[in-house]
>>> print(open('final.txt').read())   # compact mmCIF, C-alpha atoms
# COMPACT_ATOMS: atom_id res chain seq x y z
CA MET K 1205 0.00 0.00 0.00
CA ASN K 1206 1.14 3.52 -0.76
CA GLU K 1207 -0.45 6.86 -0.03
CA MET K 1208 -0.06 10.48 -1.11
CA ILE K 1209 -1.69 13.67 0.12
CA LEU K 1210 -1.33 16.87 -1.89
CA LYS K 1211 -2.80 20.24 -1.04
CA PHE K 1212 -2.59 23.10 -3.51
CA PRO K 1213 -4.29 26.46 -4.18
CA ALA K 1214 -7.41 26.37 -6.34
CA ARG K 1215 -5.78 27.89 -9.40
CA SER K 1216 -6.27 26.59 -12.92
CA GLU K 1217 -2.55 26.18 -13.59
CA ASN K 1218 -2.61 23.44 -10.94
CA GLU K 1219 -4.93 21.26 -13.04
CA ILE K 1220 -1.99 19.99 -15.11
CA PHE K 1221 0.12 19.55 -11.97
CA ALA K 1222 -2.58 17.52 -10.20
CA ARG K 1223 -3.24 15.08 -13.05
CA ASN K 1224 0.45 14.54 -13.74
CA ALA K 1225 1.20 14.04 -10.03
CA VAL K 1226 -1.42 11.27 -9.87
CA ALA K 1227 -0.08 9.74 -13.10
CA ALA K 1228 3.42 9.65 -11.61
CA PHE K 1229 2.09 8.16 -8.37
CA VAL K 1230 0.40 5.20 -10.12
CA LEU K 1231 3.29 4.37 -12.46
CA PRO K 1232 4.61 1.57 -10.19
CA LEU K 1233 1.30 -0.24 -10.84
CA ASN K 1234 2.22 -0.43 -14.52
CA PRO K 1235 -1.00 0.95 -15.93
CA SER K 1236 -1.54 0.80 -19.68
CA LEU K 1237 -1.37 4.10 -21.54
CA THR K 1238 -5.15 4.04 -21.88
CA GLU K 1239 -5.65 3.48 -18.15
CA LEU K 1240 -3.17 6.24 -17.32
CA SER K 1241 -4.95 8.59 -19.66
CA ASP K 1242 -8.34 7.69 -18.12
CA VAL K 1243 -7.02 8.50 -14.63
CA LYS K 1244 -5.47 11.79 -15.74
CA THR K 1245 -8.69 12.87 -17.42
CA ALA K 1246 -10.88 11.97 -14.43
CA VAL K 1247 -8.55 13.74 -11.97
CA SER K 1248 -8.44 16.80 -14.21
CA GLU K 1249 -12.25 16.91 -14.27
CA ALA K 1250 -12.58 16.65 -10.49
CA VAL K 1251 -9.90 19.25 -9.77
CA THR K 1252 -11.35 21.61 -12.40
CA ASN K 1253 -14.77 21.27 -10.76
CA SER K 1254 -13.33 22.29 -7.39
CA ILE K 1255 -11.60 25.32 -8.91
CA VAL K 1256 -14.37 26.47 -11.25
CA HIS K 1257 -17.50 25.48 -9.34
CA GLY K 1258 -16.35 24.94 -5.74
CA TYR K 1259 -14.46 28.21 -5.42
CA ARG K 1260 -15.78 30.01 -8.53
CA GLY K 1261 -12.29 31.29 -9.29
CA GLY K 1262 -11.85 32.64 -5.76
CA GLU K 1263 -9.28 31.59 -3.19
CA GLY K 1264 -9.26 28.19 -1.57
CA TRP K 1265 -7.41 24.92 -1.36
CA VAL K 1266 -7.88 21.60 -3.09
CA THR K 1267 -6.81 18.41 -1.34
CA LEU K 1268 -5.93 15.37 -3.37
CA ILE K 1269 -5.54 12.04 -1.59
CA CYS K 1270 -4.34 8.96 -3.47
CA ARG K 1271 -3.97 5.41 -2.23
CA THR K 1272 -2.79 2.37 -4.10
CA GLU K 1273 -3.23 -1.21 -2.98
CA GLY K 1274 -2.47 -4.11 -5.27
CA ALA K 1275 -3.69 -3.09 -8.72
CA ARG K 1276 -6.20 -0.56 -7.37
CA LEU K 1277 -5.99 3.21 -7.16
CA GLU K 1278 -8.29 5.28 -4.97
CA VAL K 1279 -8.42 9.06 -5.48
CA GLU K 1280 -10.22 11.65 -3.40
CA VAL K 1281 -10.55 15.27 -4.53
CA ILE K 1282 -11.77 17.50 -1.73
CA ASP K 1283 -12.63 21.20 -1.59
CA GLU K 1284 -14.20 23.45 1.01
CA GLY K 1285 -16.06 25.51 -1.53
CA ARG K 1286 -19.71 26.34 -2.05
CA GLY K 1287 -20.88 22.75 -2.54
CA ILE K 1288 -23.34 21.37 -5.07
CA GLU K 1289 -26.97 22.37 -4.70
CA ASP K 1290 -28.46 19.33 -6.41
CA VAL K 1291 -26.02 16.44 -6.79
CA GLU K 1292 -28.46 14.29 -8.74
CA ARG K 1293 -28.90 16.99 -11.38
CA ALA K 1294 -25.18 17.76 -11.48
CA LEU K 1295 -24.55 14.14 -12.46
CA GLU K 1296 -26.80 14.38 -15.52
CA PRO K 1297 -24.84 14.55 -18.79
CA PHE K 1298 -24.66 18.09 -20.25
CA PHE K 1299 -25.99 19.72 -17.06
CA THR K 1300 -24.02 22.87 -16.25
CA THR K 1301 -24.59 25.81 -13.95
CA LEU K 1302 -22.31 27.97 -16.13
CA PRO K 1303 -23.66 27.64 -19.71
CA ASP K 1304 -22.27 31.00 -20.80
CA GLU K 1305 -18.67 29.97 -20.22
CA GLU K 1306 -18.54 27.16 -22.78
CA ARG K 1307 -18.81 24.49 -20.09
CA SER K 1308 -19.84 21.15 -21.50
CA GLY K 1309 -21.51 19.69 -18.40
CA MET K 1310 -19.71 16.41 -19.12
CA GLY K 1311 -17.22 16.40 -16.23
CA PHE K 1312 -19.04 13.95 -13.94
CA THR K 1313 -20.03 11.75 -16.90
CA ILE K 1314 -16.37 11.46 -17.88
CA MET K 1315 -15.31 10.64 -14.29
CA GLN K 1316 -17.98 7.94 -14.11
CA THR K 1317 -17.08 6.51 -17.52
CA PHE K 1318 -13.32 6.50 -17.07
CA MET K 1319 -13.07 5.19 -13.51
CA SER K 1320 -14.21 1.88 -12.00
CA ASP K 1321 -16.05 3.39 -9.00
CA PHE K 1322 -17.25 6.91 -8.43
CA SER K 1323 -19.10 8.76 -5.67
CA VAL K 1324 -19.66 12.38 -4.75
CA GLN K 1325 -20.59 13.89 -1.39
CA SER K 1326 -21.43 17.54 -1.15
CA THR K 1327 -22.78 19.91 1.45
CA LYS K 1328 -24.03 23.28 0.38
CA GLY K 1329 -21.71 25.96 1.71
CA ALA K 1330 -19.21 23.44 3.10
CA GLY K 1331 -17.60 21.72 0.13
CA THR K 1332 -17.45 18.68 -2.06
CA LYS K 1333 -15.62 15.36 -1.97
CA VAL K 1334 -15.29 13.21 -5.07
CA LYS K 1335 -14.03 9.68 -4.58
CA MET K 1336 -12.98 7.54 -7.53
CA CYS K 1337 -11.28 4.18 -7.93
CA LYS K 1338 -9.57 2.49 -10.81
CA GLU K 1339 -8.68 -1.16 -11.09
CA PHE K 1340 -5.73 -1.67 -13.41
CA ALA K 1341 -6.33 -4.67 -15.60
CA ALA K 1342 -3.06 -6.50 -15.88
CA GLY K 1343 -0.32 -4.55 -14.12
CA ALA K 1344 2.57 -6.94 -14.67
CA LEU K 1345 1.83 -7.31 -18.39
CA HIS K 1346 2.69 -3.67 -18.98
CA ALA K 1347 5.95 -3.79 -17.07
CA GLY K 1348 8.74 -1.66 -18.49
CA MET P 1226 -1.19 24.93 -26.26
CA LYS P 1227 0.08 25.60 -29.73
CA LEU P 1228 -2.12 26.66 -32.58
CA GLN P 1229 -1.24 26.47 -36.26
CA ALA P 1230 -3.33 26.93 -39.36
CA SER P 1231 -3.18 26.57 -43.09
CA ARG P 1232 -5.58 27.28 -45.89
CA ARG P 1233 -6.03 24.85 -48.76
CA GLY P 1234 -8.67 25.55 -51.34
CA ASP P 1235 -11.91 26.19 -49.56
CA ASN P 1236 -10.75 24.60 -46.31
CA LEU P 1237 -9.26 26.10 -43.18
CA TYR P 1238 -7.05 23.55 -41.38
CA ILE P 1239 -6.47 24.19 -37.70
CA TYR P 1240 -3.80 22.16 -35.92
CA LEU P 1241 -4.02 21.93 -32.14
CA SER P 1242 -1.16 20.65 -30.03
CA GLY P 1243 -0.45 20.48 -26.33
CA GLU P 1244 -2.79 19.97 -23.38
CA LEU P 1245 -6.32 21.31 -23.65
CA ASP P 1246 -7.91 21.90 -20.26
CA GLU P 1247 -9.78 24.63 -18.45
CA HIS P 1248 -6.54 26.55 -17.92
CA SER P 1249 -5.38 26.56 -21.56
CA ALA P 1250 -8.81 26.90 -23.19
CA PRO P 1251 -9.32 30.72 -22.97
CA ALA P 1252 -6.13 31.62 -24.89
CA LEU P 1253 -6.79 28.90 -27.42
CA ARG P 1254 -10.35 30.15 -27.85
CA ALA P 1255 -9.15 33.69 -28.57
CA GLY P 1256 -6.53 32.52 -31.08
CA THR P 1257 -8.88 30.16 -32.89
CA ASP P 1258 -11.69 32.70 -33.11
CA LYS P 1259 -9.29 35.19 -34.67
CA LEU P 1260 -8.34 32.62 -37.30
CA ILE P 1261 -11.98 31.86 -38.02
CA ASP P 1262 -12.79 35.57 -38.36
CA GLU P 1263 -9.91 36.02 -40.79
CA ASN P 1264 -11.10 33.10 -42.93
CA ALA P 1265 -14.82 33.67 -42.72
CA GLY P 1266 -15.50 33.22 -46.43
CA LEU P 1267 -14.35 29.58 -46.58
CA SER P 1268 -16.76 26.68 -46.58
CA ARG P 1269 -15.32 24.46 -43.89
CA ALA P 1270 -12.89 24.21 -40.99
CA VAL P 1271 -11.00 21.02 -40.22
CA PHE P 1272 -9.55 20.67 -36.71
CA ASN P 1273 -6.56 18.36 -36.64
CA LEU P 1274 -6.20 16.94 -33.13
CA ALA P 1275 -3.14 14.73 -33.68
CA GLY P 1276 -0.93 16.91 -31.46
CA LEU P 1277 -3.30 17.00 -28.50
CA ARG P 1278 -1.51 15.09 -25.75
CA PHE P 1279 -4.36 15.67 -23.33
CA MET P 1280 -7.95 16.82 -23.51
CA ASP P 1281 -10.71 16.81 -20.90
CA SER P 1282 -14.26 18.16 -20.99
CA ALA P 1283 -12.91 21.71 -21.45
CA GLY P 1284 -12.12 20.48 -24.96
CA ILE P 1285 -15.76 19.62 -25.54
CA GLY P 1286 -16.79 23.12 -24.48
CA PHE P 1287 -14.10 24.62 -26.70
CA LEU P 1288 -15.13 22.60 -29.77
CA ILE P 1289 -18.86 23.26 -29.33
CA GLY P 1290 -18.11 26.97 -28.98
CA ARG P 1291 -16.15 26.98 -32.28
CA TYR P 1292 -18.89 24.95 -33.96
CA LYS P 1293 -21.41 27.66 -33.05
CA LYS P 1294 -19.13 30.41 -34.28
CA LEU P 1295 -18.43 28.65 -37.58
CA LYS P 1296 -22.13 28.05 -38.05
CA GLN P 1297 -22.76 31.81 -37.89
CA TYR P 1298 -20.43 32.14 -40.89
CA GLY P 1299 -22.15 29.24 -42.67
CA MET P 1300 -19.01 27.12 -42.27
CA SER P 1301 -19.10 23.43 -41.42
CA MET P 1302 -16.70 21.80 -38.97
CA TYR P 1303 -14.79 18.52 -39.07
CA LEU P 1304 -12.34 16.74 -36.78
CA GLU P 1305 -9.42 14.59 -37.78
CA ASN P 1306 -6.74 12.42 -36.16
CA PRO P 1307 -7.81 12.47 -32.50
CA GLU P 1308 -5.67 10.45 -30.11
CA GLU P 1309 -7.39 7.47 -28.49
CA SER P 1310 -8.28 9.31 -25.27
CA ALA P 1311 -9.64 12.39 -27.06
CA ASP P 1312 -11.56 10.08 -29.37
CA LYS P 1313 -13.20 8.42 -26.37
CA ILE P 1314 -14.31 11.77 -24.94
CA LEU P 1315 -15.59 12.98 -28.31
CA SER P 1316 -17.53 9.75 -28.79
CA ILE P 1317 -19.24 9.65 -25.38
CA SER P 1318 -20.23 13.30 -25.67
CA GLY P 1319 -21.79 12.73 -29.10
CA LEU P 1320 -19.74 15.49 -30.71
CA TYR P 1321 -19.17 13.60 -33.93
CA SER P 1322 -22.83 14.05 -34.83
CA LEU P 1323 -22.20 17.82 -35.00
CA MET P 1324 -18.65 17.75 -36.33
CA PRO P 1325 -17.90 14.49 -38.14
CA LYS P 1326 -14.57 12.73 -37.90
CA ILE P 1327 -12.94 12.52 -41.32
>>> encode(input="final.txt", output="structure tokens")
Amino acid sequence: MNEMILKFPARSENEIFARNAVAAFVLPLNPSLTELSDVKTAVSEAVTNSIVHGYRGGEGWVTLICRTEGARLEVEVIDEGRGIEDVERALEPFFTTLPDEERSGMGFTIMQTFMSDFSVQSTKGAGTKVKMCKEFAAGALHAG
Amino acid sequence: MKLQASRRGDNLYIYLSGELDEHSAPALRAGTDKLIDENAGLSRAVFNLAGLRFMDSAGIGFLIGRYKKLKQYGMSMYLENPEESADKILSISGLYSLMPKI
């Protein structure tokens, strides 16, 4: 088992840092390129949500917790932002609260599609926690 | 993000390379819209995605936004050479029905 906790300011330039940090963390599990890309995309979506929706571009911190055990990665993306008013609606494909900013409303759909398990907990005014897992298919086969 | 373009016949080719996310999208949007404005008389725009090392849902928003802009000029939009991960995102979001892959 291995674990990593990262905490960084909710600024958009940290989106690339966050997804690449997680990618580097899971490398010992020998993910395929496709699996690695799935994880990076899902992490990018969750972190972007915290920055854009949780803090609405204002100040705050995003916490990223990663754990690996065997061939499984668990990722939590946590913010203390404004929270999601209606989680059920937010999970609907193409639903966005910011339609004027060219937001696709596909973030949660992508997280759900690209990861093995997905859950979101949110409290209005207190923040949001997204938890995602990924089972890597055949770690040893991709060695090297 | 790097943006390059060329004009061949009635087509505007737009080459995207780098990582397209919420951070890089605004500058890319401004640059691409300028290109579209400068080539408004053409009949179609082809976005070549071969150089995109990463794209998340910000890419969907970016592409839909350009589709709408091109439509105002009566131009159609096409996508070519997406990497596997971009292709997956474009497929699940149904974008190819608006902007076919060629």
>>> residues_around(input="final.txt", residues="region 1333-1338 of chain K", least_positions_apart="2", cutoff="9 Å", atoms="all atoms listed in the file", output="list in words")
Glu1239, Val1243, Ala1246, Val1247, Ala1250, Ala1275, Arg1276, Leu1277, Glu1278, Val1279, Glu1280, Val1281, Ile1282, Asp1283, Glu1284, Met1315, Gln1316, Phe1318, Met1319, Ser1320, Asp1321, Phe1322, Ser1323, Val1324, Gln1325, Ser1326, Gly1331 and Phe1340 of chain K
>>> closest_atom_pairs(input="final.txt", of="chain K", to="chain P", cutoff="12 Å", atoms="only C-alpha atoms", output="Markdown table")
| residue | atom | partner | partner_atom | distance |
| --- | --- | --- | --- | --- |
| K:Ala1214 | CA | P:His1248 | CA | 11.6 |
| K:Arg1215 | CA | P:His1248 | CA | 8.7 |
| K:Ser1216 | CA | P:His1248 | CA | 5.0 |
| K:Glu1217 | CA | P:His1248 | CA | 5.9 |
| K:Asn1218 | CA | P:His1248 | CA | 8.6 |
| K:Glu1219 | CA | P:His1248 | CA | 7.4 |
| K:Ile1220 | CA | P:Asp1246 | CA | 8.1 |
| K:Phe1221 | CA | P:His1248 | CA | 11.3 |
| K:Arg1223 | CA | P:Phe1279 | CA | 10.4 |
| K:Asn1224 | CA | P:Phe1279 | CA | 10.8 |
| K:Leu1237 | CA | P:Ser1310 | CA | 9.4 |
| K:Thr1238 | CA | P:Ser1310 | CA | 7.0 |
| K:Glu1239 | CA | P:Ser1310 | CA | 9.6 |
| K:Leu1240 | CA | P:Ser1310 | CA | 9.9 |
| K:Ser1241 | CA | P:Ser1310 | CA | 6.6 |
| K:Asp1242 | CA | P:Ser1310 | CA | 7.3 |
| K:Val1243 | CA | P:Ser1310 | CA | 10.7 |
| K:Lys1244 | CA | P:Phe1279 | CA | 8.6 |
| K:Thr1245 | CA | P:Asp1281 | CA | 5.6 |
| K:Ala1246 | CA | P:Asp1281 | CA | 8.1 |
| K:Val1247 | CA | P:Asp1281 | CA | 9.7 |
| K:Ser1248 | CA | P:Asp1281 | CA | 7.1 |
| K:Glu1249 | CA | P:Asp1281 | CA | 6.8 |
| K:Ala1250 | CA | P:Asp1281 | CA | 10.6 |
| K:Val1251 | CA | P:Glu1247 | CA | 10.2 |
| K:Thr1252 | CA | P:Glu1247 | CA | 6.9 |
| K:Asn1253 | CA | P:Glu1247 | CA | 9.8 |
| K:Ser1254 | CA | P:Glu1247 | CA | 11.8 |
| K:Ile1255 | CA | P:Glu1247 | CA | 9.7 |
| K:Val1256 | CA | P:Glu1247 | CA | 8.7 |
| K:His1257 | CA | P:Glu1247 | CA | 12.0 |
| K:Gly1261 | CA | P:His1248 | CA | 11.4 |
| K:Pro1297 | CA | P:Ser1318 | CA | 8.4 |
| K:Phe1298 | CA | P:Ser1318 | CA | 8.5 |
| K:Thr1300 | CA | P:Gly1286 | CA | 11.0 |
| K:Leu1302 | CA | P:Gly1286 | CA | 11.1 |
| K:Pro1303 | CA | P:Gly1286 | CA | 9.5 |
| K:Asp1304 | CA | P:Gly1290 | CA | 10.0 |
| K:Glu1305 | CA | P:Gly1286 | CA | 8.3 |
| K:Glu1306 | CA | P:Gly1286 | CA | 4.7 |
| K:Arg1307 | CA | P:Gly1286 | CA | 5.0 |
| K:Ser1308 | CA | P:Gly1286 | CA | 4.7 |
| K:Gly1309 | CA | P:Ser1282 | CA | 7.8 |
| K:Met1310 | CA | P:Ser1282 | CA | 6.0 |
| K:Gly1311 | CA | P:Ser1282 | CA | 5.9 |
| K:Phe1312 | CA | P:Ser1282 | CA | 9.5 |
| K:Thr1313 | CA | P:Ile1317 | CA | 8.8 |
| K:Ile1314 | CA | P:Ile1314 | CA | 7.4 |
| K:Met1315 | CA | P:Ser1282 | CA | 10.1 |
| K:Gln1316 | CA | P:Ile1317 | CA | 11.5 |
| K:Thr1317 | CA | P:Ile1317 | CA | 8.7 |
| K:Phe1318 | CA | P:Lys1313 | CA | 9.5 |
>>> closest_residue(input="final.txt", among="P:Tyr1303, P:Tyr1292, P:Tyr1298, P:Tyr1240", to="Val1271 (chain P)", atoms="all atoms listed in the file")
P:Tyr1303
>>> atom_distance(input="final.txt", atom1="CA of Leu1237 (chain P)", atom2="CA of Asp1258 (chain P)")
12.3 Å
>>> residues_around(input="final.txt", residues="Arg1232 (chain P)", least_positions_apart="4", cutoff="10 Å", atoms="all atoms listed in the file", output="PyMOL selection string")
chain P and resi 1236-1239+1264+1267+1270
>>> closest_residue(input="final.txt", among="K:Gly1258, K:Leu1295, K:Pro1235, K:Asp1290", to="Thr1332 (chain K)", atoms="only C-alpha atoms")
K:Gly1258
>>> closest_residue(input="final.txt", among="P:Leu1295, P:Lys1259, P:Arg1269, P:Met1300", to="Gly1234 (chain P)", atoms="only C-alpha atoms")
P:Arg1269
>>> closest_residue(input="final.txt", among="P:Ser1316, P:Ile1261, P:Glu1308, P:Ala1252", to="Ser1231 (chain P)", atoms="all atoms listed in the file")
P:Ile1261
